[in-house]
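Undergrad: Input coords.cif, format and content: mmCIF, C-alpha atoms.
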```cif
data_work
loop_
_atom_site.label_atom_id
_atom_site.label_comp_id
_atom_site.auth_asym_id
_atom_site.auth_seq_id
_atom_site.Cartn_x
_atom_site.Cartn_y
_atom_site.Cartn_z
CA MET A 1 101.35 113.95 81.57
CA THR A 2 102.00 110.34 80.57
CA THR A 3 103.03 109.76 76.96
CA THR A 4 102.26 106.37 75.44
CA LEU A 5 103.14 104.65 72.17
CA ILE A 6 100.93 101.80 70.95
CA THR A 7 102.01 99.81 67.91
CA GLY A 8 99.44 98.39 65.52
CA ALA A 9 96.83 100.79 66.87
CA ASN A 10 94.79 101.86 63.86
CA LYS A 11 92.24 99.07 64.55
CA GLY A 12 91.25 96.31 66.94
CA LEU A 13 92.75 96.03 70.40
CA GLY A 14 95.34 98.69 69.73
CA PHE A 15 92.71 101.20 68.64
CA GLU A 16 90.53 100.55 71.67
CA THR A 17 93.54 100.75 74.00
CA ALA A 18 94.54 104.06 72.46
CA ARG A 19 91.01 105.42 72.83
CA ARG A 20 90.82 104.38 76.48
CA LEU A 21 94.22 105.79 77.38
CA VAL A 22 93.48 109.13 75.72
CA ALA A 23 90.30 109.24 77.82
CA ALA A 24 92.44 108.49 80.89
CA GLY A 25 94.61 111.53 80.18
CA HIS A 26 97.54 110.01 78.29
CA THR A 27 99.13 111.65 75.30
CA VAL A 28 98.94 108.70 72.89
CA TYR A 29 101.00 108.06 69.79
CA LEU A 30 98.89 105.78 67.64
CA GLY A 31 101.32 103.60 65.72
CA SER A 32 100.24 102.48 62.25
CA ARG A 33 102.01 101.07 59.20
CA ASP A 34 99.55 102.86 56.92
CA ALA A 35 99.63 106.64 57.28
CA GLU A 36 96.11 107.27 55.95
CA ARG A 37 94.43 104.61 58.08
CA GLY A 38 96.42 105.74 61.08
CA ARG A 39 95.50 109.37 60.55
CA HIS A 40 91.81 108.50 60.29
CA ALA A 41 91.98 106.46 63.48
CA ALA A 42 93.95 109.06 65.46
CA GLU A 43 91.58 111.87 64.52
CA GLN A 44 88.62 110.03 66.05
CA PHE A 45 89.72 110.67 69.64
CA GLY A 46 92.68 113.04 69.61
CA ALA A 47 95.67 110.69 69.42
CA ARG A 48 98.87 111.57 67.58
CA LEU A 49 99.78 109.51 64.53
CA VAL A 50 103.22 107.99 64.20
CA VAL A 51 103.93 105.83 61.18
CA ILE A 52 105.76 102.70 62.30
CA ASP A 53 106.30 99.31 60.70
CA VAL A 54 107.67 97.01 63.41
CA THR A 55 109.36 94.80 60.79
CA ASP A 56 111.44 97.67 59.39
CA ASP A 57 114.49 99.06 61.20
CA ALA A 58 114.40 102.41 59.42
CA SER A 59 110.71 102.91 60.14
CA VAL A 60 111.15 102.13 63.83
CA ALA A 61 114.19 104.40 64.10
CA ALA A 62 112.31 107.25 62.43
CA ALA A 63 109.37 106.82 64.81
CA ALA A 64 111.71 106.90 67.80
CA LYS A 65 113.36 110.07 66.51
CA THR A 66 109.97 111.74 65.99
CA ILE A 67 108.75 110.90 69.48
CA GLU A 68 112.07 111.88 71.06
CA ALA A 69 111.86 115.29 69.39
CA ASP A 70 108.39 115.73 70.86
CA GLY A 71 109.60 115.00 74.39
CA GLY A 72 109.92 111.23 74.78
CA VAL A 73 107.74 108.38 75.98
CA ASP A 74 106.72 106.81 79.30
CA VAL A 75 104.71 103.79 78.21
CA LEU A 76 105.27 101.39 75.32
CA VAL A 77 102.54 98.95 74.30
CA ASN A 78 103.87 96.32 71.92
CA ASN A 79 100.54 95.40 70.35
CA ALA A 80 101.30 94.91 66.65
CA GLY A 81 100.96 91.28 65.66
CA ILE A 82 99.76 88.88 62.99
CA ALA A 83 98.32 85.38 62.94
CA GLY A 84 99.91 84.58 59.59
CA PHE A 85 98.69 81.34 58.06
CA GLU A 86 97.08 80.45 61.36
CA GLY A 87 94.26 82.95 61.28
CA GLN A 88 90.98 81.19 61.97
CA THR A 89 88.93 82.71 59.19
CA GLN A 90 86.22 81.31 57.01
CA ASP A 91 88.58 80.61 54.13
CA LYS A 92 91.83 79.79 55.94
CA GLY A 93 92.20 77.09 58.54
CA VAL A 94 94.80 76.73 61.26
CA VAL A 95 98.07 75.22 60.06
CA GLY A 96 99.14 72.39 62.35
CA ALA A 97 102.51 70.75 62.85
CA ALA A 98 102.20 68.36 59.91
CA ALA A 99 101.71 71.10 57.31
CA LEU A 100 103.74 73.94 58.83
CA THR A 101 106.83 75.10 56.95
CA ALA A 102 109.60 77.46 57.92
CA ASP A 103 108.42 79.94 55.28
CA MET A 104 104.96 80.00 56.85
CA MET A 105 106.42 80.62 60.28
CA ARG A 106 108.96 83.30 59.33
CA PRO A 107 106.64 86.33 58.92
CA VAL A 108 104.84 85.53 62.19
CA LEU A 109 108.12 85.51 64.08
CA GLU A 110 109.36 88.60 62.24
CA THR A 111 106.35 90.64 63.34
CA ASN A 112 105.37 89.14 66.69
CA VAL A 113 108.82 88.44 68.13
CA LEU A 114 111.50 90.42 66.32
CA GLY A 115 109.11 93.36 66.07
CA VAL A 116 108.82 93.48 69.85
CA VAL A 117 112.60 93.38 70.24
CA ARG A 118 113.15 95.93 67.48
CA VAL A 119 110.70 98.46 68.91
CA THR A 120 111.68 97.92 72.54
CA HIS A 121 115.37 98.31 71.74
CA ALA A 122 114.76 101.53 69.80
CA PHE A 123 112.67 103.08 72.58
CA LEU A 124 114.71 101.92 75.58
CA PRO A 125 116.76 105.14 75.72
CA LEU A 126 113.56 107.19 75.84
CA LEU A 127 111.89 104.92 78.39
CA GLN A 128 114.94 105.10 80.65
CA ARG A 129 114.54 108.88 80.83
CA SER A 130 110.99 108.50 82.16
CA ALA A 131 110.27 108.70 85.87
CA ALA A 132 107.87 105.75 85.60
CA PRO A 133 108.60 103.66 82.49
CA VAL A 134 106.18 100.89 81.54
CA VAL A 135 106.22 98.26 78.79
CA VAL A 136 103.20 96.10 77.98
CA ASN A 137 103.72 93.17 75.62
CA VAL A 138 100.49 91.80 74.17
CA SER A 139 100.76 88.03 74.43
CA SER A 140 98.12 85.28 74.30
CA GLY A 141 96.70 82.51 76.43
CA LEU A 142 98.13 80.18 73.79
CA ALA A 143 101.60 81.17 75.01
CA SER A 144 101.04 79.32 78.29
CA LEU A 145 102.76 75.93 78.21
CA THR A 146 100.67 74.96 81.22
CA ARG A 147 97.42 75.70 79.42
CA VAL A 148 98.46 74.13 76.12
CA THR A 149 99.43 70.90 77.89
CA THR A 150 96.27 70.68 80.00
CA PRO A 151 93.85 68.19 78.36
CA ASP A 152 90.24 69.11 77.63
CA THR A 153 90.89 72.85 77.43
CA PRO A 154 90.57 75.22 74.44
CA ALA A 155 94.31 75.90 74.48
CA HIS A 156 95.12 72.18 74.43
CA ALA A 157 92.76 71.69 71.49
CA TYR A 158 94.37 74.42 69.40
CA PRO A 159 96.60 72.72 66.78
CA GLY A 160 98.48 75.75 65.43
CA VAL A 161 102.20 76.17 65.96
CA ALA A 162 103.57 79.51 64.70
CA TYR A 163 101.31 81.90 66.60
CA PRO A 164 101.62 80.17 70.01
CA VAL A 165 105.38 79.86 69.54
CA SER A 166 105.64 83.56 68.77
CA LYS A 167 103.70 84.54 71.86
CA ALA A 168 105.63 82.12 74.08
CA ALA A 169 108.74 83.92 72.86
CA VAL A 170 107.13 87.25 73.78
CA ASN A 171 106.65 85.91 77.31
CA MET A 172 110.32 85.00 77.58
CA ILE A 173 111.32 88.40 76.20
CA THR A 174 109.14 89.99 78.87
CA VAL A 175 110.78 88.07 81.69
CA GLN A 176 114.34 88.70 80.52
CA TYR A 177 113.82 92.41 79.88
CA ALA A 178 112.12 92.82 83.26
CA LYS A 179 115.17 91.29 84.97
CA ALA A 180 117.53 93.48 82.95
CA PHE A 181 115.63 96.70 83.68
CA PRO A 182 114.30 96.52 87.25
CA ASN A 183 113.43 100.23 87.20
CA MET A 184 110.77 99.53 84.56
CA ARG A 185 107.44 97.74 84.85
CA ILE A 186 107.50 95.22 81.99
CA ASN A 187 104.66 92.71 81.71
CA ALA A 188 102.93 90.41 79.22
CA VAL A 189 99.15 90.35 78.95
CA GLU A 190 96.53 87.95 77.61
CA PRO A 191 93.58 89.90 76.17
CA GLY A 192 91.46 86.79 75.61
CA TYR A 193 89.79 85.49 72.46
CA THR A 194 88.70 88.84 71.07
CA ALA A 195 86.78 89.44 67.85
CA THR A 196 89.34 91.23 65.65
CA ASP A 197 90.71 90.96 62.12
CA LEU A 198 93.46 88.72 63.54
CA ASN A 199 91.00 85.83 63.88
CA GLY A 200 88.47 86.80 61.23
CA ARG A 201 86.30 88.33 63.99
CA LEU A 202 85.50 84.89 65.34
CA GLY A 203 86.56 85.84 68.87
CA THR A 204 84.02 85.46 71.65
CA GLN A 205 84.55 88.81 73.36
CA THR A 206 84.50 92.46 72.32
CA VAL A 207 87.52 94.71 71.83
CA GLN A 208 86.33 96.64 74.86
CA GLN A 209 86.66 93.48 76.96
CA GLY A 210 89.94 92.48 75.35
CA ALA A 211 91.58 95.86 75.84
CA GLU A 212 90.80 95.92 79.57
CA ILE A 213 93.99 94.17 80.72
CA ILE A 214 96.17 96.13 78.28
CA VAL A 215 94.81 99.43 79.57
CA ARG A 216 95.17 98.30 83.17
CA MET A 217 98.81 97.23 82.81
CA ALA A 218 99.69 100.35 80.80
CA GLN A 219 98.81 102.29 83.95
CA VAL A 220 100.64 100.09 86.44
CA PRO A 221 102.35 102.18 89.18
CA PRO A 222 106.11 102.17 89.83
CA ASP A 223 105.62 99.74 92.71
CA GLY A 224 103.43 97.44 90.62
CA PRO A 225 104.31 94.00 89.25
CA THR A 226 106.98 93.41 86.65
CA GLY A 227 108.08 90.35 84.71
CA GLY A 228 104.57 88.90 84.94
CA TYR A 229 101.93 87.40 82.67
CA PHE A 230 98.37 88.55 83.34
CA ASP A 231 94.78 88.50 82.21
CA THR A 232 91.87 90.33 83.83
CA THR A 233 91.62 87.73 86.59
CA GLY A 234 95.27 87.94 87.68
CA ALA A 235 98.56 86.13 87.05
CA LEU A 236 98.58 83.29 84.53
CA PRO A 237 100.63 80.09 84.61
CA TRP A 238 103.61 80.04 82.32
#
```
What do you get writing this file as structure tokens?
TA:
Amino acid sequence: MTTTLITGANKGLGFETARRLVAAGHTVYLGSRDAERGRHAAEQFGARLVVIDVTDDASVAAAAKTIEADGGVDVLVNNAGIAGFEGQTQDKGVVGAAALTADMMRPVLETNVLGVVRVTHAFLPLLQRSAAPVVVNVSSGLASLTRVTTPDTPAHAYPGVAYPVSKAAVNMITVQYAKAFPNMRINAVEPGYTATDLNGRLGTQTVQQGAEIIVRMAQVPPDGPTGGYFDTTGALPW
């Protein structure tokens, strides 16, 4: 039986990924900052709730201790993330380079980058005990320097700074961890522009479509790719 932890899973892509992996036979720990929302989500399809705030060391350590006591983990999906001031909602526009401040950027990096490192570090001892450890880091197409520098593309047109920077950092974390732990399958994925709370539900695809690549890479075999960056069509340019 494969045991999987998904952070930020009480809604959106994380919720759909959890639902799909439970259906595929995984024992899924649905990670949520809010215990009540997490409990409600987990009960819908038989996941196990674990309260985890990826920005809080004590919360992450407690989650790791809980899951270790229950037998450990095989798959970690680092899904929790925020858009910060760059969420494209009806009442909040994207903050470009001219207006961006360090204070605006700090919470995005704390959640999207340091959160990935914090959670991965805490769960590495458990993952290393697994016969087939897998880590999936949810990135973005906006993390691709190639895409962002290609004129006349949606990525090139996007003016925001903090969110793309955070996801570019996630890509580098993915590569470096994959090199450091060759026994693990560690990859970054691009779900696509999905309608979730992150973007005020302005995304052009459903959570079912967006979760596809996360679910696929969460089930990658021991001889599968590692240190890569993928969407549903295959490898993406860095």
Undergrad: Just so the selection is clear, what residues does the PyMOL selection byres ((chain A and resi 204-218) around 8) cover here, as a PyMOL selection string?
TA: chain A and resi 12-14+16-17+20-21+75-77+134-136+138+187+189-196+202-203+219-220+230-232
Undergrad: Just how far from atom CA of A:Val165 is atom CA of A:Leu109, in Å to one decimal?
TA: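 Separation of atom CA of A:Leu109 and atom CA of A:Val165: 8.3 Å.
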Undergrad: Smallest atom-to-atom distance to A:Thr150: which of A:Pro237, A:Lys11, A:Thr66, A:Asn112, using all atoms listed in the file?
TA: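 Among the listed residues, A:Pro237 lies closest to A:Thr150.
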Undergrad: Leaving out A:Ala169 and any residue of its chain fewer than 3 positions from it, which residues lie within 9 Å of it when counting all atoms listed in the file, given as a ChimeraX atom specification?
TA: /A:109,112-113,143,164-166,172-174
Undergrad: Hey, what comes out of the PyMOL selection byres ((chain A and resi 182) around 12) on this file? Could you write it as an MDAnalysis selection string?
TA: chainID A and resid 128 132:135 174:181 183:187 222:227
Undergrad: Take the residues that were just selected and, keeping C-alpha atoms, output them as a compact mmCIF listing (two decimals), keeping the file's coordinate frame.
TA:
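Contents of result_24.txt, freshly written:
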```
# COMPACT_ATOMS: atom_id res chain seq x y z
CA GLN A 128 114.94 105.10 80.65
CA ALA A 132 107.87 105.75 85.60
CA PRO A 133 108.60 103.66 82.49
CA VAL A 134 106.18 100.89 81.54
CA VAL A 135 106.22 98.26 78.79
CA THR A 174 109.14 89.99 78.87
CA VAL A 175 110.78 88.07 81.69
CA GLN A 176 114.34 88.70 80.52
CA TYR A 177 113.82 92.41 79.88
CA ALA A 178 112.12 92.82 83.26
CA LYS A 179 115.17 91.29 84.97
CA ALA A 180 117.53 93.48 82.95
CA PHE A 181 115.63 96.70 83.68
CA ASN A 183 113.43 100.23 87.20
CA MET A 184 110.77 99.53 84.56
CA ARG A 185 107.44 97.74 84.85
CA ILE A 186 107.50 95.22 81.99
CA ASN A 187 104.66 92.71 81.71
CA PRO A 222 106.11 102.17 89.83
CA ASP A 223 105.62 99.74 92.71
CA GLY A 224 103.43 97.44 90.62
CA PRO A 225 104.31 94.00 89.25
CA THR A 226 106.98 93.41 86.65
CA GLY A 227 108.08 90.35 84.71
```
Undergrad: Quick one: which residues end up in the PyMOL selection byres ((chain A and resi 5) around 6) for this structure, as a ChimeraX atom specification?
TA: /A:4,6,28-29,76
Undergrad: Would you list the residues near (112.0, 94.5, 69.0), meaning any protein, DNA or RNA residue with an atom at most 10 Å from that point in file coordinates, counting only C-alpha atoms, as a list in words?
TA: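 Residues with an atom close enough to that point: Val54, Thr55, Asp57, Val60, Asn78, Glu110, Thr111, Asn112, Val113, Leu114, Gly115, Val116, Val117, Arg118, Val119, Thr120, His121, Ala122, Phe123, Val170 and Ile173 of chain A.
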Undergrad: One decimal, in Å: what's the spacing between atom CA of A:Thr7 and atom CA of A:Asn171?
TA: 17.4 Å
Undergrad: Provide the atom CA of A:Ser130 to atom CA of A:Asp74 distance in Å, to one decimal place.
TA: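 Straight-line distance from atom CA of A:Ser130 to atom CA of A:Asp74 works out to 5.4 Å.
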Undergrad: Taking into account all atoms listed in the file, which residue in the set A:Ala61, A:Ile82, A:Ala188, A:Ile67 is nearest to A:Ser144?
TA: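 Residue with the minimum atom-to-atom distance to A:Ser144: A:Ala188.
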Undergrad: Which residues are near A:Leu100? Cut-off 8 Å, all atoms listed in the file, ignore same chain within fewer than 5 positions. Put them as a CSV table (one decimal) with C-alpha atoms, in the frame of the given file.
TA:
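So out-v2.csv came out as:
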```csv
chain,number,residue,atom,x,y,z
A,95,VAL,CA,98.1,75.2,60.1
A,105,MET,CA,106.4,80.6,60.3
A,161,VAL,CA,102.2,76.2,66.0
```
Undergrad: Please complete stretch 58-69 of chain A so it has all heavy atoms, and hand it over as a short mmCIF file (atom, residue, chain, number, x, y, z; two decimals), keeping the file's coordinate frame.
TA:
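That gives us part.cif:
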```cif
data_model
loop_
_atom_site.label_atom_id
_atom_site.label_comp_id
_atom_site.auth_asym_id
_atom_site.auth_seq_id
_atom_site.Cartn_x
_atom_site.Cartn_y
_atom_site.Cartn_z
N ALA A 58 114.40 100.98 59.71
CA ALA A 58 114.40 102.41 59.42
C ALA A 58 113.11 103.06 59.88
O ALA A 58 113.11 104.18 60.42
CB ALA A 58 114.60 102.64 57.92
N SER A 59 111.99 102.38 59.70
CA SER A 59 110.71 102.91 60.14
C SER A 59 110.66 103.07 61.65
O SER A 59 110.20 104.09 62.17
CB SER A 59 109.58 101.97 59.67
OG SER A 59 108.33 102.38 60.19
N VAL A 60 111.14 102.07 62.37
CA VAL A 60 111.15 102.13 63.83
C VAL A 60 112.08 103.24 64.32
O VAL A 60 111.74 104.00 65.24
CB VAL A 60 111.54 100.76 64.43
CG1 VAL A 60 111.73 100.86 65.94
CG2 VAL A 60 110.48 99.71 64.09
N ALA A 61 113.24 103.35 63.71
CA ALA A 61 114.19 104.40 64.10
C ALA A 61 113.61 105.78 63.86
O ALA A 61 113.77 106.70 64.68
CB ALA A 61 115.50 104.23 63.34
N ALA A 62 112.91 105.95 62.73
CA ALA A 62 112.31 107.25 62.43
C ALA A 62 111.21 107.59 63.42
O ALA A 62 111.09 108.75 63.86
CB ALA A 62 111.74 107.23 61.00
N ALA A 63 110.42 106.59 63.82
CA ALA A 63 109.37 106.82 64.81
C ALA A 63 109.97 107.23 66.15
O ALA A 63 109.46 108.14 66.82
CB ALA A 63 108.51 105.57 64.96
N ALA A 64 111.05 106.57 66.54
CA ALA A 64 111.71 106.90 67.80
C ALA A 64 112.26 108.33 67.77
O ALA A 64 112.15 109.07 68.75
CB ALA A 64 112.83 105.90 68.09
N LYS A 65 112.81 108.71 66.64
CA LYS A 65 113.36 110.07 66.51
C LYS A 65 112.24 111.11 66.59
O LYS A 65 112.39 112.16 67.23
CB LYS A 65 114.09 110.20 65.18
CG LYS A 65 114.81 111.52 64.99
CD LYS A 65 115.68 111.51 63.74
CE LYS A 65 116.86 110.56 63.89
NZ LYS A 65 117.81 110.66 62.73
N THR A 66 111.11 110.82 65.95
CA THR A 66 109.97 111.74 65.99
C THR A 66 109.46 111.94 67.42
O THR A 66 109.23 113.07 67.87
CB THR A 66 108.83 111.20 65.11
OG1 THR A 66 109.25 111.20 63.75
CG2 THR A 66 107.58 112.06 65.25
N ILE A 67 109.29 110.83 68.13
CA ILE A 67 108.75 110.90 69.48
C ILE A 67 109.76 111.52 70.45
O ILE A 67 109.39 112.27 71.35
CB ILE A 67 108.28 109.50 69.94
CG1 ILE A 67 107.08 109.08 69.10
CG2 ILE A 67 107.94 109.49 71.43
CD1 ILE A 67 106.59 107.67 69.37
N GLU A 68 111.04 111.25 70.23
CA GLU A 68 112.07 111.88 71.06
C GLU A 68 112.05 113.39 70.89
O GLU A 68 112.14 114.15 71.87
CB GLU A 68 113.44 111.34 70.69
CG GLU A 68 114.57 111.94 71.52
CD GLU A 68 115.93 111.37 71.17
OE1 GLU A 68 116.11 110.88 70.03
OE2 GLU A 68 116.83 111.41 72.04
N ALA A 69 111.89 113.85 69.65
CA ALA A 69 111.86 115.29 69.39
C ALA A 69 110.66 115.96 70.04
O ALA A 69 110.72 117.15 70.40
CB ALA A 69 111.83 115.54 67.88
#
```
